[in-house]
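One file, run-v4.txt, carrying compact mmCIF, C-alpha atoms and all ligand atoms:
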# COMPACT_ATOMS: atom_id res chain seq x y z
CA MET A 872 -12.83 -27.05 -4.04
CA LYS A 873 -16.06 -25.38 -5.11
CA ILE A 874 -16.91 -22.00 -3.64
CA VAL A 875 -20.10 -22.33 -1.59
CA ASP A 876 -20.21 -19.20 0.59
CA LEU A 877 -18.69 -15.80 1.19
CA GLN A 878 -18.73 -14.17 4.63
CA PHE A 879 -17.89 -10.56 5.51
CA GLU A 880 -17.00 -9.42 9.01
CA GLU A 881 -16.50 -5.75 9.96
CA ILE A 882 -13.72 -5.15 12.48
CA VAL A 883 -12.84 -1.75 13.99
CA TYR A 884 -9.16 -0.95 14.61
CA LYS A 885 -8.01 2.09 16.60
CA TYR A 886 -4.90 4.07 15.75
CA ILE A 887 -2.32 4.20 18.55
CA LYS A 888 -1.93 7.90 17.65
CA PRO A 889 -4.12 9.94 15.22
CA PHE A 890 -2.73 9.39 11.70
CA HIS A 891 -2.30 12.78 10.02
CA ILE A 892 -1.60 13.03 6.28
CA ALA A 893 -2.26 15.95 3.90
CA ASN A 894 -5.85 17.07 4.52
CA ASN A 895 -6.90 13.97 6.44
CA ILE A 896 -6.72 12.75 10.05
CA ALA A 897 -7.80 9.22 11.02
CA LEU A 898 -8.53 7.97 14.56
CA GLU A 899 -9.79 4.50 13.70
CA LYS A 900 -10.40 2.25 10.76
CA THR A 901 -13.03 -0.37 9.97
CA ASN A 902 -11.79 -3.23 7.80
CA ILE A 903 -13.62 -6.22 6.38
CA THR A 904 -12.40 -9.77 6.92
CA VAL A 905 -13.58 -11.92 4.01
CA SER A 906 -14.00 -15.68 4.35
CA LEU A 907 -14.33 -17.69 1.14
CA VAL A 908 -15.89 -21.02 2.08
CA THR A 909 -15.39 -24.07 -0.14
CA ASP A 910 -17.05 -27.48 -0.12
CA SER A 911 -13.72 -29.18 0.70
CA GLY A 912 -13.66 -27.82 4.25
CA ILE A 913 -11.06 -25.20 3.33
CA THR A 914 -11.86 -21.54 3.98
CA GLY A 915 -9.67 -18.85 2.42
CA LYS A 916 -9.26 -15.53 4.20
CA GLY A 917 -8.62 -12.03 2.93
CA GLU A 918 -8.87 -8.49 4.24
CA ALA A 919 -10.25 -5.32 2.71
CA SER A 920 -9.14 -1.98 4.11
CA PRO A 921 -11.48 0.39 2.27
CA SER A 922 -10.57 3.95 1.41
CA PHE A 923 -13.00 6.70 0.46
CA ARG A 924 -10.14 9.14 -0.16
CA VAL A 925 -8.28 6.94 -2.63
CA ASN A 926 -10.81 4.42 -3.97
CA GLY A 927 -14.11 6.24 -3.44
CA GLU A 928 -15.17 3.35 -1.22
CA CYS A 929 -17.87 3.33 1.42
CA LEU A 930 -18.12 0.53 3.98
CA PRO A 931 -21.91 -0.10 3.90
CA ALA A 932 -21.80 -0.19 0.08
CA LEU A 933 -19.01 -2.78 0.19
CA MET A 934 -20.87 -4.87 2.77
CA ALA A 935 -23.96 -4.77 0.56
CA LEU A 936 -21.98 -6.31 -2.33
CA ARG A 937 -21.59 -9.65 -0.55
CA LEU A 938 -24.50 -11.42 -2.24
CA GLU A 939 -23.72 -9.85 -5.59
CA ILE A 940 -20.17 -11.22 -5.50
CA LEU A 941 -21.21 -14.56 -4.02
CA HIS A 942 -23.68 -15.13 -6.84
CA ALA A 943 -20.98 -14.29 -9.38
CA ILE A 944 -18.40 -16.77 -8.05
CA LYS A 945 -20.53 -19.46 -6.38
CA GLY A 946 -19.82 -22.91 -7.80
CA MET A 947 -16.43 -21.92 -9.23
CA ASP A 948 -13.46 -24.07 -8.28
CA ALA A 949 -11.09 -21.91 -6.21
CA MET A 950 -8.21 -23.79 -7.86
CA ASN A 951 -9.16 -22.03 -11.10
CA TYR A 952 -8.32 -18.75 -9.45
CA LEU A 953 -8.08 -16.68 -12.63
CA GLN A 954 -11.79 -17.30 -13.13
CA VAL A 955 -12.38 -15.72 -9.74
CA PHE A 956 -9.98 -12.86 -10.61
CA ASP A 957 -11.83 -12.20 -13.88
CA VAL A 958 -15.20 -11.92 -12.16
CA LEU A 959 -13.85 -9.41 -9.66
CA ASP A 960 -12.14 -7.44 -12.44
CA ARG A 961 -15.55 -6.84 -13.94
CA PHE A 962 -16.74 -5.12 -10.77
CA SER A 963 -16.44 -1.37 -10.33
CA THR A 964 -13.05 0.11 -9.45
CA THR A 965 -14.80 1.78 -6.50
CA SER A 966 -14.72 -1.53 -4.64
CA SER A 967 -11.09 -2.45 -5.23
CA SER A 968 -10.21 -3.25 -1.61
CA LEU A 969 -13.02 -5.78 -1.60
CA LYS A 970 -11.82 -7.16 -4.92
CA MET A 971 -8.44 -7.61 -3.24
CA ALA A 972 -9.86 -9.43 -0.22
CA VAL A 973 -11.89 -11.88 -2.33
CA GLN A 974 -9.03 -12.50 -4.78
CA TYR A 975 -6.60 -13.10 -1.92
CA ALA A 976 -9.09 -15.40 -0.17
CA ALA A 977 -9.16 -17.51 -3.34
CA ILE A 978 -5.35 -17.68 -3.37
CA ASP A 979 -5.32 -18.50 0.33
CA ALA A 980 -7.69 -21.41 -0.34
CA PHE A 981 -5.53 -22.48 -3.31
CA CYS A 982 -2.41 -22.45 -1.12
CA GLN A 983 -4.03 -24.36 1.72
CA ASN A 984 -5.22 -26.99 -0.74
CA THR A 985 -1.81 -27.41 -2.39
CA GLY A 986 0.26 -27.04 0.78
CA ILE A 987 2.34 -24.11 -0.46
CA ALA A 988 2.75 -20.72 1.19
CA PRO A 989 1.32 -17.65 -0.58
CA TYR A 990 4.80 -16.15 -1.06
CA GLN A 991 5.71 -19.29 -3.00
CA PHE A 992 2.54 -18.98 -5.05
CA PHE A 993 3.72 -15.47 -5.98
CA GLY A 994 7.08 -16.81 -7.11
CA GLY A 995 9.20 -17.27 -4.00
CA ARG A 996 11.91 -14.76 -4.94
CA LYS A 997 12.39 -13.78 -1.30
CA GLU A 998 11.10 -14.88 2.09
CA ASN A 999 11.24 -11.53 3.84
CA VAL A 1000 11.14 -7.82 3.15
CA GLU A 1001 12.31 -4.76 5.08
CA THR A 1002 9.70 -2.15 5.90
CA ASP A 1003 9.91 1.54 6.66
CA LYS A 1004 7.82 3.31 9.30
CA THR A 1005 5.70 6.41 8.82
CA VAL A 1006 5.63 9.78 10.59
CA SER A 1007 2.44 11.85 10.47
CA ILE A 1008 2.30 15.55 9.69
CA GLY A 1009 2.79 17.47 12.94
CA PRO A 1010 4.74 20.24 14.66
CA LEU A 1011 8.53 20.09 14.26
CA GLU A 1012 9.21 18.94 17.85
CA GLU A 1013 6.69 16.13 17.49
CA THR A 1014 8.19 15.06 14.15
CA ILE A 1015 11.67 14.94 15.72
CA SER A 1016 10.53 12.85 18.67
CA ASP A 1017 8.54 10.51 16.39
CA VAL A 1018 11.56 9.98 14.12
CA GLU A 1019 13.78 9.47 17.16
CA ALA A 1020 11.51 6.67 18.36
CA ILE A 1021 11.49 5.05 14.90
CA VAL A 1022 15.28 5.26 14.56
CA THR A 1023 15.67 3.81 18.07
CA GLU A 1024 13.48 0.90 16.98
CA GLY A 1025 16.07 0.23 14.27
CA PHE A 1026 14.33 1.42 11.12
CA ASN A 1027 16.61 2.45 8.26
CA ILE A 1028 13.93 4.09 6.13
CA VAL A 1029 11.50 6.67 7.52
CA LYS A 1030 8.49 7.85 5.56
CA MET A 1031 7.51 11.44 6.27
CA LYS A 1032 4.09 12.83 5.45
CA VAL A 1033 4.11 16.34 3.98
CA GLY A 1034 1.85 18.35 1.70
CA GLU A 1035 -0.02 20.81 3.91
CA ASP A 1036 2.52 23.63 4.35
CA LEU A 1037 5.53 23.88 2.05
CA LYS A 1038 7.70 25.99 4.35
CA LYS A 1039 7.08 23.87 7.44
CA ASP A 1040 7.53 20.67 5.41
CA ILE A 1041 10.98 21.77 4.20
CA GLU A 1042 11.91 22.72 7.76
CA ARG A 1043 10.76 19.36 9.11
CA VAL A 1044 12.60 17.34 6.46
CA VAL A 1045 15.81 19.38 6.74
CA SER A 1046 15.75 19.18 10.57
CA VAL A 1047 15.24 15.42 10.53
CA SER A 1048 18.07 15.05 7.98
CA ASP A 1049 20.45 17.16 10.06
CA ARG A 1050 19.65 15.29 13.22
CA PHE A 1051 19.50 11.67 12.10
CA ARG A 1052 22.30 10.29 9.97
CA ASN A 1053 22.30 6.93 8.19
CA ILE A 1054 18.60 6.88 7.41
CA SER A 1055 16.82 7.29 4.09
CA LEU A 1056 13.65 9.35 3.77
CA ILE A 1057 10.61 8.69 1.63
CA VAL A 1058 8.50 11.83 1.49
CA ASP A 1059 4.80 11.59 0.68
CA ALA A 1060 2.71 14.66 -0.16
CA ASN A 1061 -0.52 12.70 -0.73
CA THR A 1062 -1.58 15.06 -3.57
CA GLY A 1063 -1.08 18.12 -1.34
CA TYR A 1064 1.23 20.30 -3.48
CA THR A 1065 0.88 22.19 -6.71
CA ALA A 1066 3.51 21.24 -9.27
CA LYS A 1067 5.47 24.41 -8.56
CA GLU A 1068 5.39 23.84 -4.80
CA ALA A 1069 6.62 20.29 -5.35
CA ILE A 1070 9.50 21.50 -7.52
CA LEU A 1071 10.45 24.05 -4.85
CA PHE A 1072 10.30 21.34 -2.20
CA ALA A 1073 12.46 18.92 -4.18
CA GLU A 1074 14.99 21.64 -4.97
CA ALA A 1075 15.23 22.77 -1.33
CA VAL A 1076 15.73 19.33 0.20
CA TYR A 1077 18.15 18.35 -2.59
CA ARG A 1078 20.20 21.50 -2.07
CA GLU A 1079 20.33 20.83 1.69
CA GLY A 1080 21.66 17.33 0.99
CA CYS A 1081 18.69 15.59 2.62
CA PRO A 1082 18.69 11.82 2.03
CA VAL A 1083 15.27 11.86 0.31
CA VAL A 1084 15.12 8.82 -1.95
CA LEU A 1085 11.58 9.31 -3.24
CA LEU A 1086 8.89 11.99 -3.43
CA GLU A 1087 5.49 10.32 -3.54
CA GLN A 1088 2.40 11.74 -5.24
CA PRO A 1089 3.31 15.42 -5.06
CA VAL A 1090 0.29 16.70 -7.02
CA PRO A 1091 -3.46 16.02 -7.35
CA VAL A 1092 -4.56 12.77 -8.95
CA ASN A 1093 -5.71 14.27 -12.24
CA ASP A 1094 -2.80 16.65 -12.69
CA LEU A 1095 -0.71 14.38 -14.88
CA ASP A 1096 0.92 17.31 -16.67
CA GLY A 1097 1.94 18.64 -13.26
CA LEU A 1098 3.30 15.25 -12.24
CA LYS A 1099 5.43 15.10 -15.35
CA LEU A 1100 6.66 18.66 -14.78
CA VAL A 1101 7.74 17.73 -11.25
CA ARG A 1102 9.39 14.52 -12.41
CA HIS A 1103 11.46 16.33 -15.01
CA ASN A 1104 12.39 19.22 -12.72
CA SER A 1105 13.34 17.23 -9.62
CA MET A 1106 16.68 15.61 -8.84
CA ILE A 1107 14.76 13.37 -6.45
CA PRO A 1108 12.90 10.38 -7.94
CA VAL A 1109 9.16 11.07 -8.21
CA GLY A 1110 6.51 8.44 -7.65
CA ALA A 1111 2.80 8.02 -8.30
CA ASP A 1112 0.49 6.58 -5.66
CA GLU A 1113 -3.08 7.90 -5.62
CA CYS A 1114 -3.15 8.26 -9.41
CA VAL A 1115 -2.30 4.60 -10.10
CA ARG A 1116 -4.98 2.12 -9.18
CA THR A 1117 -5.55 -0.03 -12.26
CA ARG A 1118 -3.23 -1.51 -14.88
CA PHE A 1119 -4.65 1.08 -17.29
CA ASP A 1120 -3.50 3.93 -15.02
CA ALA A 1121 -0.03 2.38 -14.86
CA TYR A 1122 0.12 1.94 -18.62
CA ARG A 1123 -0.82 5.59 -19.20
CA LEU A 1124 1.82 6.79 -16.73
CA VAL A 1125 4.71 4.76 -18.12
CA LYS A 1126 3.71 5.49 -21.70
CA GLY A 1127 3.70 9.23 -21.00
CA ASP A 1128 7.00 9.12 -19.09
CA TYR A 1129 5.35 10.65 -16.03
CA VAL A 1130 7.16 8.94 -13.14
CA ASP A 1131 10.28 7.22 -11.82
CA PHE A 1132 8.31 5.09 -9.34
CA ILE A 1133 4.90 3.54 -8.93
CA ASN A 1134 3.53 2.74 -5.48
CA ILE A 1135 1.47 -0.44 -5.70
CA LYS A 1136 -1.07 -0.99 -2.95
CA LEU A 1137 -3.07 -4.17 -3.06
CA MET A 1138 -6.08 -2.23 -1.72
CA LYS A 1139 -6.08 0.04 -4.78
CA SER A 1140 -5.57 -2.66 -7.39
CA GLY A 1141 -6.48 -6.09 -6.12
CA LEU A 1142 -4.12 -8.94 -6.92
CA SER A 1143 -4.96 -9.04 -10.61
CA ASP A 1144 -4.06 -5.43 -11.36
CA ALA A 1145 -1.13 -5.42 -8.92
CA LEU A 1146 0.43 -8.33 -10.83
CA ALA A 1147 -0.21 -6.57 -14.15
CA ILE A 1148 1.30 -3.30 -12.88
CA ILE A 1149 4.50 -5.11 -11.89
CA ASP A 1150 4.96 -6.31 -15.47
CA ILE A 1151 4.06 -2.94 -16.99
CA ALA A 1152 6.51 -1.09 -14.73
CA LYS A 1153 9.30 -3.62 -15.31
CA SER A 1154 8.81 -3.41 -19.07
CA ALA A 1155 9.14 0.37 -18.90
CA GLY A 1156 12.08 0.53 -16.49
CA VAL A 1157 9.93 2.19 -13.83
CA SER A 1158 10.76 1.24 -10.24
CA LEU A 1159 8.24 -0.03 -7.72
CA MET A 1160 7.42 0.39 -4.07
CA ILE A 1161 4.61 -1.29 -2.17
CA GLY A 1162 2.43 0.58 0.30
CA CYS A 1163 -0.61 -0.02 2.44
CA MET A 1164 -3.88 1.59 3.52
CA SER A 1165 -4.88 0.77 7.09
CA GLU A 1166 -4.62 -2.99 6.95
CA SER A 1167 -4.50 -4.97 10.18
CA GLY A 1168 -1.97 -7.75 10.61
CA LEU A 1169 -4.14 -9.92 8.35
CA GLY A 1170 -4.02 -7.48 5.42
CA ILE A 1171 -0.34 -6.65 5.86
CA GLY A 1172 0.28 -10.41 5.70
CA GLN A 1173 -1.20 -10.36 2.20
CA SER A 1174 1.27 -7.68 1.12
CA VAL A 1175 4.24 -9.37 2.83
CA HIS A 1176 3.61 -12.59 0.90
CA PHE A 1177 2.98 -10.68 -2.33
CA ALA A 1178 6.06 -8.49 -1.97
CA ALA A 1179 8.40 -11.27 -0.85
CA GLY A 1180 7.19 -13.74 -3.44
CA THR A 1181 7.33 -11.36 -6.41
CA GLY A 1182 10.51 -9.69 -5.14
CA ALA A 1183 9.47 -6.71 -7.22
CA PHE A 1184 9.84 -3.80 -4.84
CA VAL A 1185 12.66 -1.41 -4.02
CA TYR A 1186 10.86 0.00 -0.96
CA HIS A 1187 8.27 -1.54 1.34
CA ASP A 1188 5.93 0.68 3.30
CA LEU A 1189 4.07 -2.04 5.17
CA ASP A 1190 3.63 -0.54 8.59
CA SER A 1191 -0.08 -0.02 9.23
CA HIS A 1192 -0.30 -3.01 11.59
CA MET A 1193 2.26 -1.23 13.77
CA LEU A 1194 0.14 1.93 13.87
CA LEU A 1195 -3.07 0.17 14.95
CA LYS A 1196 -3.83 -1.02 18.47
CA ASN A 1197 -5.79 -4.24 18.42
CA THR A 1198 -4.01 -6.36 15.84
CA LYS A 1199 -1.03 -8.64 15.33
CA PRO A 1200 0.75 -10.18 12.33
CA VAL A 1201 -1.09 -12.98 10.51
CA GLY A 1202 0.86 -15.30 8.20
CA PHE A 1203 4.14 -13.52 8.90
CA SER A 1204 6.40 -12.59 11.75
CA GLN A 1205 8.27 -9.38 12.42
CA HIS A 1206 11.83 -9.19 13.66
CA GLY A 1207 12.90 -5.57 13.87
CA THR A 1208 12.38 -4.01 10.47
CA LYS A 1209 12.09 -7.34 8.66
CA LEU A 1210 8.77 -9.01 7.86
CA PHE A 1211 9.11 -12.77 7.30
CA ALA A 1212 6.50 -14.67 5.29
CA PHE A 1213 5.56 -17.92 7.01
CA LYS A 1214 6.47 -21.00 5.00
CA VAL A 1215 3.44 -22.89 6.20
CA ARG A 1216 0.13 -21.64 7.40
MN MN B 1 1.40 7.47 -0.63
Would you put the structure from the file into structure tokens?
Amino acid sequence: MKIVDLQFEEIVYKYIKPFHIANNIALEKTNITVSLVTDSGITGKGEASPSFRVNGECLPALMALRLEILHAIKGMDAMNYLQVFDVLDRFSTTSSSLKMAVQYAAIDAFCQNTGIAPYQFFGGRKENVETDKTVSIGPLEETISDVEAIVTEGFNIVKMKVGEDLKKDIERVVSVSDRFRNISLIVDANTGYTAKEAILFAEAVYREGCPVVLLEQPVPVNDLDGLKLVRHNSMIPVGADECVRTRFDAYRLVKGDYVDFINIKLMKSGLSDALAIIDIAKSAGVSLMIGCMSESGLGIGQSVHFAAGTGAFVYHDLDSHMLLKNTKPVGFSQHGTKLFAFKVR
């Protein structure tokens, strides 16, 4: 199953509603579908959902890497997938979503050739995972109506974006907690707070009895001292997202006792580093969640198989396909809040 070609296709996806996180609003997203063509007639597929904000990625630069990567992996047997992983690991960390797409395409080809499903390749611990759904930053009334819709859809975990205005954030989280019982809240500041603001936030929502189970990336990426300060001054578990992309980032964070949680996103790490981060976190007793960028149904399928197969995650934030217009699940099916990995392709 020798690799003979690599094809990239740009596809534009529109958000159903503008996606507003701390200091960023997105209306649409362009992803890359990668096809890894082998001489056996099998073509593996993968998706890259690039992020300038998190990965420093730029779409034209990624597209221009096609020949570079093809030359590096051409002639390799896709069955020897670690050889493909190693080549991609040598590329810059500012193309990690592309690394992910090519690595997954190799695994997809491997699975087609052996007749197993990707979730089985990843270990087969589970066949489905439960996802949360995300609420953008917005006025209080809008937040309430968004959460109402999500709760009506049956979701048990709601992820709320915060990080632009401490006072309004506390008001939004407290109001949602008062109004909707029997849900858990993941709160994500996307680097928007200072350490002291984050501590004030955690203290306020804890004192009000809000069911916040995790505070994600309260402080800027490079403020590791701040992150540690928040972690040790918050009754709510604190997680790292933007500041963990590679296995080396994860190692530094667990070694320094900086976090309770790490949010793995395949688009930040690729499969190789995501697998390594799972082992690093487990060794250190740090919990894991899995998140997403703006993957379509194709890219979310990658994460569903990865998350179900490894069974490594406490929380699953795999909702971007629900927030985009022109896409549907690929390789999995959704029944309510549950995402089921297909057993066969
Ligand atoms: Mn996050």
> Between CA of Thr1208 in chain A and CA of His1176 in chain A, what is the spacing in Å?
Replying inline: 15.6 Å
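Pocket residues of ligand MN 1 (chain B), taken as those with any atom at most 7 Å away using all atoms listed in the file, are Asp1059, Asn1061, Glu1087, Gln1088, Asp1112 and Glu1113 of chain A.
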>> Measuring between all atoms listed in the file, which one of A:Ser1007, A:Asn951, A:Asn984, A:Asn1027 shows the shortest distance to Asp1040 in chain A?
In response: A:Ser1007
> Which neighbours of range 919-931 of chain A fall inside 10 Å, counting all atoms listed in the file, when residues of the same chain fewer than 5 positions from it are skipped, and could you give them as a PyMOL selection string?
Replying inline: chain A and resi 879+881+895+900-905+936+964-973+975+1061+1092+1112-1116+1137-1141+1163-1167+1169-1170
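Comparing A:Asp960, A:Glu1024, A:Asp1128, A:Glu1013 by their smallest distance to Asp1096 in chain A, the closest is A:Asp1128 (using only C-alpha atoms).
Distances to Thr1023 in chain A were evaluated for A:Lys1136, A:Lys1004, A:Lys997, A:Lys888 using all atoms listed in the file, and the minimum falls at A:Lys1004.
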> Suppose you want the space between CA of Ala1073 in chain A and CA of Arg1050 in chain A; what is it in Å?
Replying inline: 19.2 Å
